[in-house]
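S.K.: My structure file final_19.pdb, PDB, C-alpha atoms, pLDDT in the B column, is below:
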```pdb
ATOM      1  CA  MET H 163     -87.081-142.923  33.382  1.00 42.00           C
ATOM      2  CA  LYS H 164     -87.054-144.961  30.207  1.00 42.00           C
ATOM      3  CA  GLY H 165     -89.870-147.299  29.295  1.00 42.00           C
ATOM      4  CA  ASP H 166     -87.883-150.455  29.984  1.00 42.00           C
ATOM      5  CA  THR H 167     -89.452-151.180  33.335  1.00 44.00           C
ATOM      6  CA  ILE H 168     -92.988-152.385  33.868  1.00 46.00           C
ATOM      7  CA  ARG H 169     -95.476-149.585  34.549  1.00 64.00           C
ATOM      8  CA  SER H 170     -97.393-151.615  37.018  1.00 81.00           C
ATOM      9  CA  SER H 171    -100.285-150.623  39.267  1.00 93.00           C
ATOM     10  CA  ILE H 172     -98.496-152.142  42.195  1.00 95.00           C
ATOM     11  CA  ARG H 173     -95.331-151.377  44.117  1.00 97.00           C
ATOM     12  CA  LEU H 174     -94.032-154.420  45.891  1.00 97.00           C
ATOM     13  CA  ARG H 175     -91.498-154.618  48.711  1.00 97.00           C
ATOM     14  CA  LEU H 176     -90.278-158.061  49.769  1.00 98.00           C
ATOM     15  CA  VAL H 177     -89.256-158.215  53.416  1.00 96.00           C
ATOM     16  CA  LEU H 178     -86.422-160.770  53.297  1.00 96.00           C
ATOM     17  CA  GLN H 179     -85.323-160.112  56.867  1.00 94.00           C
ATOM     18  CA  PRO H 180     -86.791-157.775  59.486  1.00 91.00           C
ATOM     19  CA  ASP H 181     -84.321-155.081  58.405  1.00 91.00           C
ATOM     20  CA  LEU H 182     -83.698-156.114  54.827  1.00 95.00           C
ATOM     21  CA  ALA H 183     -86.167-155.406  52.076  1.00 96.00           C
ATOM     22  CA  PHE H 184     -85.969-155.746  48.317  1.00 98.00           C
ATOM     23  CA  GLY H 185     -88.286-153.382  46.483  1.00 97.00           C
ATOM     24  CA  PRO H 186     -88.843-151.445  43.268  1.00 96.00           C
ATOM     25  CA  GLY H 187     -85.754-149.232  43.634  1.00 96.00           C
ATOM     26  CA  LYS H 188     -83.269-152.084  43.944  1.00 97.00           C
ATOM     27  CA  ALA H 189     -85.033-154.011  41.176  1.00 98.00           C
ATOM     28  CA  ASP H 190     -84.941-151.027  38.809  1.00 97.00           C
ATOM     29  CA  LEU H 191     -81.278-150.415  39.608  1.00 98.00           C
ATOM     30  CA  LEU H 192     -80.343-154.040  38.834  1.00 98.00           C
ATOM     31  CA  GLU H 193     -82.387-153.893  35.650  1.00 98.00           C
ATOM     32  CA  GLY H 194     -80.698-150.627  34.657  1.00 97.00           C
ATOM     33  CA  ILE H 195     -77.269-152.176  35.175  1.00 97.00           C
ATOM     34  CA  ALA H 196     -78.254-155.148  33.004  1.00 97.00           C
ATOM     35  CA  VAL H 197     -79.444-152.784  30.259  1.00 97.00           C
ATOM     36  CA  THR H 198     -76.721-150.111  30.369  1.00 96.00           C
ATOM     37  CA  GLY H 199     -73.718-152.111  31.583  1.00 96.00           C
ATOM     38  CA  SER H 200     -72.927-149.294  33.984  1.00 94.00           C
ATOM     39  CA  ILE H 201     -73.808-148.538  37.607  1.00 95.00           C
ATOM     40  CA  ALA H 202     -73.545-144.782  37.023  1.00 93.00           C
ATOM     41  CA  ALA H 203     -75.769-144.903  33.920  1.00 95.00           C
ATOM     42  CA  ALA H 204     -78.288-147.140  35.697  1.00 96.00           C
ATOM     43  CA  GLY H 205     -78.435-144.647  38.584  1.00 96.00           C
ATOM     44  CA  ARG H 206     -78.772-141.671  36.218  1.00 95.00           C
ATOM     45  CA  ARG H 207     -81.837-143.208  34.601  1.00 95.00           C
ATOM     46  CA  MET H 208     -83.427-143.216  38.024  1.00 96.00           C
ATOM     47  CA  GLY H 209     -82.302-139.709  38.989  1.00 96.00           C
ATOM     48  CA  MET H 210     -79.938-141.267  41.514  1.00 94.00           C
ATOM     49  CA  SER H 211     -76.474-139.871  42.239  1.00 93.00           C
ATOM     50  CA  TYR H 212     -73.388-141.880  41.283  1.00 91.00           C
ATOM     51  CA  LYS H 213     -72.536-142.224  44.943  1.00 94.00           C
ATOM     52  CA  ARG H 214     -75.981-143.445  45.929  1.00 95.00           C
ATOM     53  CA  ALA H 215     -76.078-145.989  43.107  1.00 95.00           C
ATOM     54  CA  TRP H 216     -72.677-147.394  44.082  1.00 94.00           C
ATOM     55  CA  SER H 217     -73.671-147.491  47.724  1.00 96.00           C
ATOM     56  CA  LEU H 218     -76.866-149.418  46.914  1.00 96.00           C
ATOM     57  CA  VAL H 219     -74.889-151.912  44.846  1.00 97.00           C
ATOM     58  CA  GLU H 220     -72.392-152.383  47.687  1.00 96.00           C
ATOM     59  CA  THR H 221     -75.254-152.980  50.109  1.00 96.00           C
ATOM     60  CA  LEU H 222     -76.883-155.492  47.774  1.00 97.00           C
ATOM     61  CA  ASN H 223     -73.596-157.296  47.215  1.00 97.00           C
ATOM     62  CA  SER H 224     -72.960-157.612  50.941  1.00 96.00           C
ATOM     63  CA  ASN H 225     -76.532-158.729  51.690  1.00 97.00           C
ATOM     64  CA  PHE H 226     -76.257-161.732  49.411  1.00 98.00           C
ATOM     65  CA  ARG H 227     -73.832-164.618  49.682  1.00 97.00           C
ATOM     66  CA  GLU H 228     -72.708-164.127  46.093  1.00 97.00           C
ATOM     67  CA  PRO H 229     -72.486-160.591  44.723  1.00 97.00           C
ATOM     68  CA  LEU H 230     -75.397-159.541  42.510  1.00 98.00           C
ATOM     69  CA  VAL H 231     -73.310-157.089  40.486  1.00 98.00           C
ATOM     70  CA  SER H 232     -69.820-157.565  39.099  1.00 97.00           C
ATOM     71  CA  SER H 233     -68.019-154.330  38.289  1.00 91.00           C
ATOM     72  CA  SER H 234     -64.649-152.996  37.242  1.00 82.00           C
ATOM     73  CA  ARG H 235     -63.679-149.390  37.761  1.00 70.00           C
ATOM     74  CA  GLY H 236     -61.588-147.419  35.290  1.00 63.00           C
ATOM     75  CA  GLY H 237     -59.976-148.830  32.148  1.00 56.00           C
ATOM     76  CA  ALA H 238     -60.270-147.552  28.571  1.00 56.00           C
ATOM     77  CA  ARG H 239     -64.076-147.792  28.556  1.00 57.00           C
ATOM     78  CA  GLY H 240     -64.399-146.290  32.035  1.00 58.00           C
ATOM     79  CA  GLY H 241     -65.208-149.572  33.724  1.00 68.00           C
ATOM     80  CA  GLY H 242     -68.386-151.533  33.432  1.00 92.00           C
ATOM     81  CA  ALA H 243     -70.862-153.573  35.402  1.00 96.00           C
ATOM     82  CA  THR H 244     -72.919-156.670  34.765  1.00 96.00           C
ATOM     83  CA  LEU H 245     -75.344-158.755  36.755  1.00 98.00           C
ATOM     84  CA  THR H 246     -73.955-162.033  38.052  1.00 98.00           C
ATOM     85  CA  ASP H 247     -76.044-165.191  37.785  1.00 98.00           C
ATOM     86  CA  SER H 248     -77.245-164.462  41.328  1.00 98.00           C
ATOM     87  CA  GLY H 249     -78.155-160.919  40.327  1.00 98.00           C
ATOM     88  CA  LYS H 250     -80.130-162.132  37.328  1.00 98.00           C
ATOM     89  CA  ARG H 251     -81.893-164.702  39.484  1.00 98.00           C
ATOM     90  CA  VAL H 252     -82.897-162.244  42.220  1.00 98.00           C
ATOM     91  CA  LEU H 253     -84.218-159.802  39.628  1.00 98.00           C
ATOM     92  CA  ASP H 254     -86.117-162.581  37.832  1.00 98.00           C
ATOM     93  CA  LEU H 255     -87.705-163.777  41.072  1.00 98.00           C
ATOM     94  CA  TYR H 256     -88.787-160.259  41.992  1.00 98.00           C
ATOM     95  CA  ARG H 257     -90.214-159.512  38.529  1.00 98.00           C
ATOM     96  CA  ALA H 258     -92.076-162.827  38.515  1.00 97.00           C
ATOM     97  CA  ILE H 259     -93.867-161.948  41.766  1.00 97.00           C
ATOM     98  CA  GLU H 260     -94.533-158.408  40.547  1.00 97.00           C
ATOM     99  CA  ARG H 261     -95.974-159.542  37.193  1.00 96.00           C
ATOM    100  CA  ARG H 262     -98.151-162.188  38.789  1.00 96.00           C
ATOM    101  CA  THR H 263     -99.473-159.797  41.435  1.00 97.00           C
ATOM    102  CA  ASP H 264    -100.169-157.114  38.856  1.00 95.00           C
ATOM    103  CA  ALA H 265    -102.063-159.548  36.627  1.00 95.00           C
ATOM    104  CA  SER H 266    -104.028-161.241  39.404  1.00 96.00           C
ATOM    105  CA  SER H 267    -105.127-158.023  41.114  1.00 97.00           C
ATOM    106  CA  ARG H 268    -106.497-156.187  38.075  1.00 96.00           C
ATOM    107  CA  LEU H 269    -110.162-156.674  38.984  1.00 96.00           C
ATOM    108  CA  GLU H 270    -109.741-155.601  42.595  1.00 97.00           C
ATOM    109  CA  ILE H 271    -107.732-152.518  41.638  1.00 97.00           C
ATOM    110  CA  GLU H 272    -110.300-151.647  38.971  1.00 96.00           C
ATOM    111  CA  GLU H 273    -113.061-151.861  41.564  1.00 97.00           C
ATOM    112  CA  MET H 274    -111.129-149.565  43.914  1.00 98.00           C
ATOM    113  CA  ARG H 275    -110.571-147.088  41.069  1.00 97.00           C
ATOM    114  CA  MET H 276    -114.296-147.058  40.317  1.00 97.00           C
ATOM    115  CA  MET H 277    -114.876-146.003  43.924  1.00 98.00           C
ATOM    116  CA  LEU H 278    -112.601-142.953  43.707  1.00 97.00           C
ATOM    117  CA  SER H 279    -114.157-139.514  43.714  1.00 94.00           C
ATOM    118  CA  ASP H 280    -113.942-137.329  40.604  1.00 80.00           C
ATOM    119  CA  MET H 281    -111.670-135.057  42.628  1.00 61.00           C
ATOM    120  CA  SER H 282    -108.927-137.677  42.827  1.00 60.00           C
ATOM    121  CA  GLY H 283    -106.945-136.413  39.858  1.00 52.00           C
ATOM    122  CA  GLU H 284    -108.233-139.016  37.435  1.00 46.00           C
ATOM    123  CA  THR H 285    -106.702-138.389  34.031  1.00 46.00           C
TER     124      THR H 285
ATOM    125  CA  MET N 181     -98.438-152.844  67.201  1.00 42.00           C
ATOM    126  CA  LYS N 182    -100.888-155.521  68.182  1.00 41.00           C
ATOM    127  CA  GLY N 183    -100.994-158.845  66.421  1.00 42.00           C
ATOM    128  CA  ASP N 184    -104.254-158.125  64.600  1.00 41.00           C
ATOM    129  CA  THR N 185    -102.655-157.359  61.266  1.00 44.00           C
ATOM    130  CA  ILE N 186    -101.059-159.909  59.006  1.00 46.00           C
ATOM    131  CA  ARG N 187     -97.287-160.185  59.473  1.00 64.00           C
ATOM    132  CA  SER N 188     -96.655-160.701  55.830  1.00 81.00           C
ATOM    133  CA  SER N 189     -93.365-160.980  53.922  1.00 93.00           C
ATOM    134  CA  ILE N 190     -94.624-158.426  51.462  1.00 95.00           C
ATOM    135  CA  ARG N 191     -95.490-154.748  51.595  1.00 97.00           C
ATOM    136  CA  LEU N 192     -97.862-153.816  48.848  1.00 97.00           C
ATOM    137  CA  ARG N 193     -98.725-150.357  47.552  1.00 97.00           C
ATOM    138  CA  LEU N 194    -101.568-150.048  45.041  1.00 98.00           C
ATOM    139  CA  VAL N 195    -101.158-147.107  42.682  1.00 96.00           C
ATOM    140  CA  LEU N 196    -104.787-146.101  42.083  1.00 96.00           C
ATOM    141  CA  GLN N 197    -103.886-142.877  40.294  1.00 94.00           C
ATOM    142  CA  PRO N 198    -100.464-141.431  39.412  1.00 91.00           C
ATOM    143  CA  ASP N 199    -100.504-139.446  42.671  1.00 91.00           C
ATOM    144  CA  LEU N 200    -102.791-141.616  44.784  1.00 95.00           C
ATOM    145  CA  ALA N 201    -101.594-144.813  46.387  1.00 96.00           C
ATOM    146  CA  PHE N 202    -103.170-147.135  48.924  1.00 98.00           C
ATOM    147  CA  GLY N 203    -100.627-149.063  50.948  1.00 97.00           C
ATOM    148  CA  PRO N 204     -99.964-150.785  54.270  1.00 96.00           C
ATOM    149  CA  GLY N 205    -100.281-147.626  56.386  1.00 96.00           C
ATOM    150  CA  LYS N 206    -103.765-146.701  55.186  1.00 97.00           C
ATOM    151  CA  ALA N 207    -104.877-150.333  55.381  1.00 98.00           C
ATOM    152  CA  ASP N 208    -103.608-150.702  58.955  1.00 97.00           C
ATOM    153  CA  LEU N 209    -105.274-147.437  59.961  1.00 98.00           C
ATOM    154  CA  LEU N 210    -108.651-148.534  58.541  1.00 98.00           C
ATOM    155  CA  GLU N 211    -108.264-151.900  60.242  1.00 98.00           C
ATOM    156  CA  GLY N 212    -107.379-150.202  63.520  1.00 97.00           C
ATOM    157  CA  ILE N 213    -110.496-148.028  63.301  1.00 97.00           C
ATOM    158  CA  ALA N 214    -112.639-151.114  62.675  1.00 97.00           C
ATOM    159  CA  VAL N 215    -111.097-152.840  65.697  1.00 97.00           C
ATOM    160  CA  THR N 216    -110.942-149.940  68.173  1.00 96.00           C
ATOM    161  CA  GLY N 217    -113.871-147.789  67.028  1.00 96.00           C
ATOM    162  CA  SER N 218    -111.647-144.742  67.344  1.00 95.00           C
ATOM    163  CA  ILE N 219    -109.388-142.827  64.966  1.00 95.00           C
ATOM    164  CA  ALA N 220    -107.123-141.699  67.800  1.00 93.00           C
ATOM    165  CA  ALA N 221    -106.779-145.221  69.209  1.00 95.00           C
ATOM    166  CA  ALA N 222    -106.143-146.650  65.739  1.00 96.00           C
ATOM    167  CA  GLY N 223    -103.392-144.089  65.208  1.00 96.00           C
ATOM    168  CA  ARG N 224    -101.863-144.760  68.633  1.00 95.00           C
ATOM    169  CA  ARG N 225    -101.507-148.457  67.820  1.00 95.00           C
ATOM    170  CA  MET N 226     -99.365-147.422  64.868  1.00 96.00           C
ATOM    171  CA  GLY N 227     -97.324-144.808  66.746  1.00 96.00           C
ATOM    172  CA  MET N 228     -99.128-142.104  64.774  1.00 94.00           C
ATOM    173  CA  SER N 229    -100.144-138.748  66.249  1.00 93.00           C
ATOM    174  CA  TYR N 230    -103.829-137.912  66.660  1.00 91.00           C
ATOM    175  CA  LYS N 231    -103.422-135.135  64.120  1.00 94.00           C
ATOM    176  CA  ARG N 232    -101.757-137.353  61.536  1.00 95.00           C
ATOM    177  CA  ALA N 233    -104.384-140.079  61.922  1.00 95.00           C
ATOM    178  CA  TRP N 234    -107.212-137.581  61.456  1.00 94.00           C
ATOM    179  CA  SER N 235    -105.472-136.034  58.485  1.00 96.00           C
ATOM    180  CA  LEU N 236    -105.035-139.443  56.827  1.00 96.00           C
ATOM    181  CA  VAL N 237    -108.707-140.226  57.368  1.00 97.00           C
ATOM    182  CA  GLU N 238    -109.714-136.882  55.865  1.00 96.00           C
ATOM    183  CA  THR N 239    -107.525-137.566  52.834  1.00 96.00           C
ATOM    184  CA  LEU N 240    -108.991-141.037  52.409  1.00 97.00           C
ATOM    185  CA  ASN N 241    -112.536-139.730  52.732  1.00 97.00           C
ATOM    186  CA  SER N 242    -111.956-137.068  50.088  1.00 96.00           C
ATOM    187  CA  ASN N 243    -110.209-139.480  47.709  1.00 97.00           C
ATOM    188  CA  PHE N 244    -113.217-141.764  47.539  1.00 98.00           C
ATOM    189  CA  ARG N 245    -116.699-140.917  46.319  1.00 97.00           C
ATOM    190  CA  GLU N 246    -118.229-142.209  49.544  1.00 97.00           C
ATOM    191  CA  PRO N 247    -116.346-141.670  52.803  1.00 97.00           C
ATOM    192  CA  LEU N 248    -114.460-144.711  54.092  1.00 98.00           C
ATOM    193  CA  VAL N 249    -114.726-143.669  57.739  1.00 98.00           C
ATOM    194  CA  SER N 250    -117.749-142.280  59.563  1.00 97.00           C
ATOM    195  CA  SER N 251    -116.902-140.396  62.740  1.00 91.00           C
ATOM    196  CA  SER N 252    -118.477-138.253  65.413  1.00 82.00           C
ATOM    197  CA  ARG N 253    -116.422-135.997  67.635  1.00 70.00           C
ATOM    198  CA  GLY N 254    -117.202-135.384  71.276  1.00 63.00           C
ATOM    199  CA  GLY N 255    -120.171-136.770  73.176  1.00 56.00           C
ATOM    200  CA  ALA N 256    -120.209-138.747  76.413  1.00 57.00           C
ATOM    201  CA  ARG N 257    -117.918-141.459  75.077  1.00 57.00           C
ATOM    202  CA  GLY N 258    -115.601-138.973  73.367  1.00 58.00           C
ATOM    203  CA  GLY N 259    -116.871-139.644  69.890  1.00 68.00           C
ATOM    204  CA  GLY N 260    -116.278-142.724  67.822  1.00 92.00           C
ATOM    205  CA  ALA N 261    -115.498-143.912  64.359  1.00 96.00           C
ATOM    206  CA  THR N 262    -116.536-146.837  62.191  1.00 96.00           C
ATOM    207  CA  LEU N 263    -115.813-148.011  58.688  1.00 98.00           C
ATOM    208  CA  THR N 264    -118.570-147.376  56.178  1.00 98.00           C
ATOM    209  CA  ASP N 265    -119.506-150.102  53.708  1.00 98.00           C
ATOM    210  CA  SER N 266    -117.094-148.481  51.258  1.00 98.00           C
ATOM    211  CA  GLY N 267    -114.366-148.488  53.882  1.00 98.00           C
ATOM    212  CA  LYS N 268    -114.916-152.168  54.615  1.00 98.00           C
ATOM    213  CA  ARG N 269    -114.895-152.965  50.911  1.00 98.00           C
ATOM    214  CA  VAL N 270    -111.652-151.076  50.184  1.00 98.00           C
ATOM    215  CA  LEU N 271    -109.939-152.761  53.128  1.00 98.00           C
ATOM    216  CA  ASP N 272    -111.240-156.190  52.050  1.00 98.00           C
ATOM    217  CA  LEU N 273    -110.012-155.693  48.476  1.00 98.00           C
ATOM    218  CA  TYR N 274    -106.569-154.638  49.684  1.00 98.00           C
ATOM    219  CA  ARG N 275    -106.253-157.522  52.150  1.00 98.00           C
ATOM    220  CA  ALA N 276    -107.377-160.002  49.473  1.00 97.00           C
ATOM    221  CA  ILE N 277    -104.573-158.911  47.136  1.00 97.00           C
ATOM    222  CA  GLU N 278    -102.081-158.894  49.999  1.00 97.00           C
ATOM    223  CA  ARG N 279    -103.027-162.381  51.200  1.00 96.00           C
ATOM    224  CA  ARG N 280    -102.952-163.845  47.715  1.00 96.00           C
ATOM    225  CA  THR N 281     -99.589-162.270  46.915  1.00 97.00           C
ATOM    226  CA  ASP N 282     -98.113-163.426  50.194  1.00 95.00           C
ATOM    227  CA  ALA N 283     -99.309-167.002  49.642  1.00 95.00           C
ATOM    228  CA  SER N 284     -98.334-167.229  45.980  1.00 96.00           C
ATOM    229  CA  SER N 285     -94.836-165.786  46.418  1.00 97.00           C
ATOM    230  CA  ARG N 286     -93.646-168.000  49.287  1.00 96.00           C
ATOM    231  CA  LEU N 287     -91.354-170.155  47.151  1.00 96.00           C
ATOM    232  CA  GLU N 288     -89.715-167.231  45.392  1.00 97.00           C
ATOM    233  CA  ILE N 289     -89.155-165.346  48.652  1.00 97.00           C
ATOM    234  CA  GLU N 290     -87.766-168.493  50.266  1.00 96.00           C
ATOM    235  CA  GLU N 291     -85.313-168.892  47.384  1.00 97.00           C
ATOM    236  CA  MET N 292     -84.189-165.274  47.784  1.00 98.00           C
ATOM    237  CA  ARG N 293     -83.737-165.791  51.530  1.00 97.00           C
ATOM    238  CA  MET N 294     -81.569-168.844  50.886  1.00 97.00           C
ATOM    239  CA  MET N 295     -79.299-166.639  48.795  1.00 98.00           C
ATOM    240  CA  LEU N 296     -78.708-164.121  51.593  1.00 97.00           C
ATOM    241  CA  SER N 297     -75.319-163.966  53.238  1.00 94.00           C
ATOM    242  CA  ASP N 298     -74.932-165.016  56.865  1.00 80.00           C
ATOM    243  CA  MET N 299     -74.168-161.378  57.622  1.00 61.00           C
ATOM    244  CA  SER N 300     -77.687-160.269  56.719  1.00 60.00           C
ATOM    245  CA  GLY N 301     -79.040-160.332  60.240  1.00 52.00           C
ATOM    246  CA  GLU N 302     -80.787-163.678  59.892  1.00 46.00           C
ATOM    247  CA  THR N 303     -82.422-164.543  63.180  1.00 46.00           C
TER     248      THR N 303
END
```
Now, as a test, write the supplied structure out as structure tokens.

M.R.:
Amino acid sequence: MKGDTIRSSIRLRLVLQPDLAFGPGKADLLEGIAVTGSIAAAGRRMGMSYKRAWSLVETLNSNFREPLVSSSRGGARGGGATLTDSGKRVLDLYRAIERRTDASSRLEIEEMRMMLSDMSGET
Amino acid sequence: MKGDTIRSSIRLRLVLQPDLAFGPGKADLLEGIAVTGSIAAAGRRMGMSYKRAWSLVETLNSNFREPLVSSSRGGARGGGATLTDSGKRVLDLYRAIERRTDASSRLEIEEMRMMLSDMSGET
């Protein structure tokens, strides 16, 4: 995993519908696509198979009214993928909540860490 | 699951150490113990086996300097369990972050929901 994504103390899953969540995995995949221009490369960065990355993108695209990822297979450069405006917006909204939660919960998390035993693998 | 716990739009996992997280499952188990006075009953409310509930409590107790749960096995009433002051504090800290995040992210989550397709199981 490259250092492009936030190394936050929180992992946040947004429950958009009872059976539809948007969490760190989908966010990192969208961010990887924005950075690499490729679904396969974005998946590789996360240790995700090509098939799994494509399947996640297809799920995301069908969950939203407008696709989040626009892609073309094949061609001279082996196809490519970009985030649509909707994709950028969803990622921005998620990262905004994540950043705000991370910043606003620092004191509470610090207090919990101070309560951990020395056996808890503190480094 | 009884209606005692917050039905939030977010699921939050706090990464206290690289290999030690505190998330919704541990929070609900602590809350269940506070409400029922029993590890087994708290686990049952979550569809968790007796063994798994006890094992989670043992992990929690060893992760923190002071135990989070105080329990006695056996006895006329079949033993009982309560949260220690540390247990109450950890649960309070977690719920405070969860409540604040849920309240402060309403607009963003609503915007994401408005972007969902009609096929997304909206009820």

S.K.: Check what the ChimeraX specification (/H :<7) & /N selects in the file above and give those residues as a PyMOL selection string.

M.R.: chain N and resi 189-197+243-245+270+273+277+281+285+288+292-293+295-297+299-300+302

S.K.: Can you pull out every residue within 12 Å of Gly217 of chain N, counting all atoms listed in the file, but drop anything in the same chain fewer than 3 positions away, and send it as a PyMOL selection string?

M.R.: chain N and resi 209-214+220-223+249-252+257-264

S.K.: Provide the atom CA of Val219 of chain H to atom CA of Thr198 of chain H distance in Å, to one decimal place.

M.R.: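 About the pair atom CA of Val219 of chain H and atom CA of Thr198 of chain H: they are 14.7 Å apart.
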
S.K.: For atom CA of Gly205 of chain N and atom CA of Met226 of chain N, determine how far apart the two atoms are, in Å to one decimal place.

M.R.: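 Computing it gives 8.5 Å between the two atoms.
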
S.K.: Can you sort out the box for segment 208-220 of chain H, edges along x, y and z, all listed atoms in, 8 Å on every side, with centre and edge lengths in Å to one decimal, as lines of an AutoDock Vina configuration file?

M.R.:
```
center_x = -77.9
center_y = -146.0
center_z = 42.9
size_x = 27.0
size_y = 28.7
size_z = 25.7
```
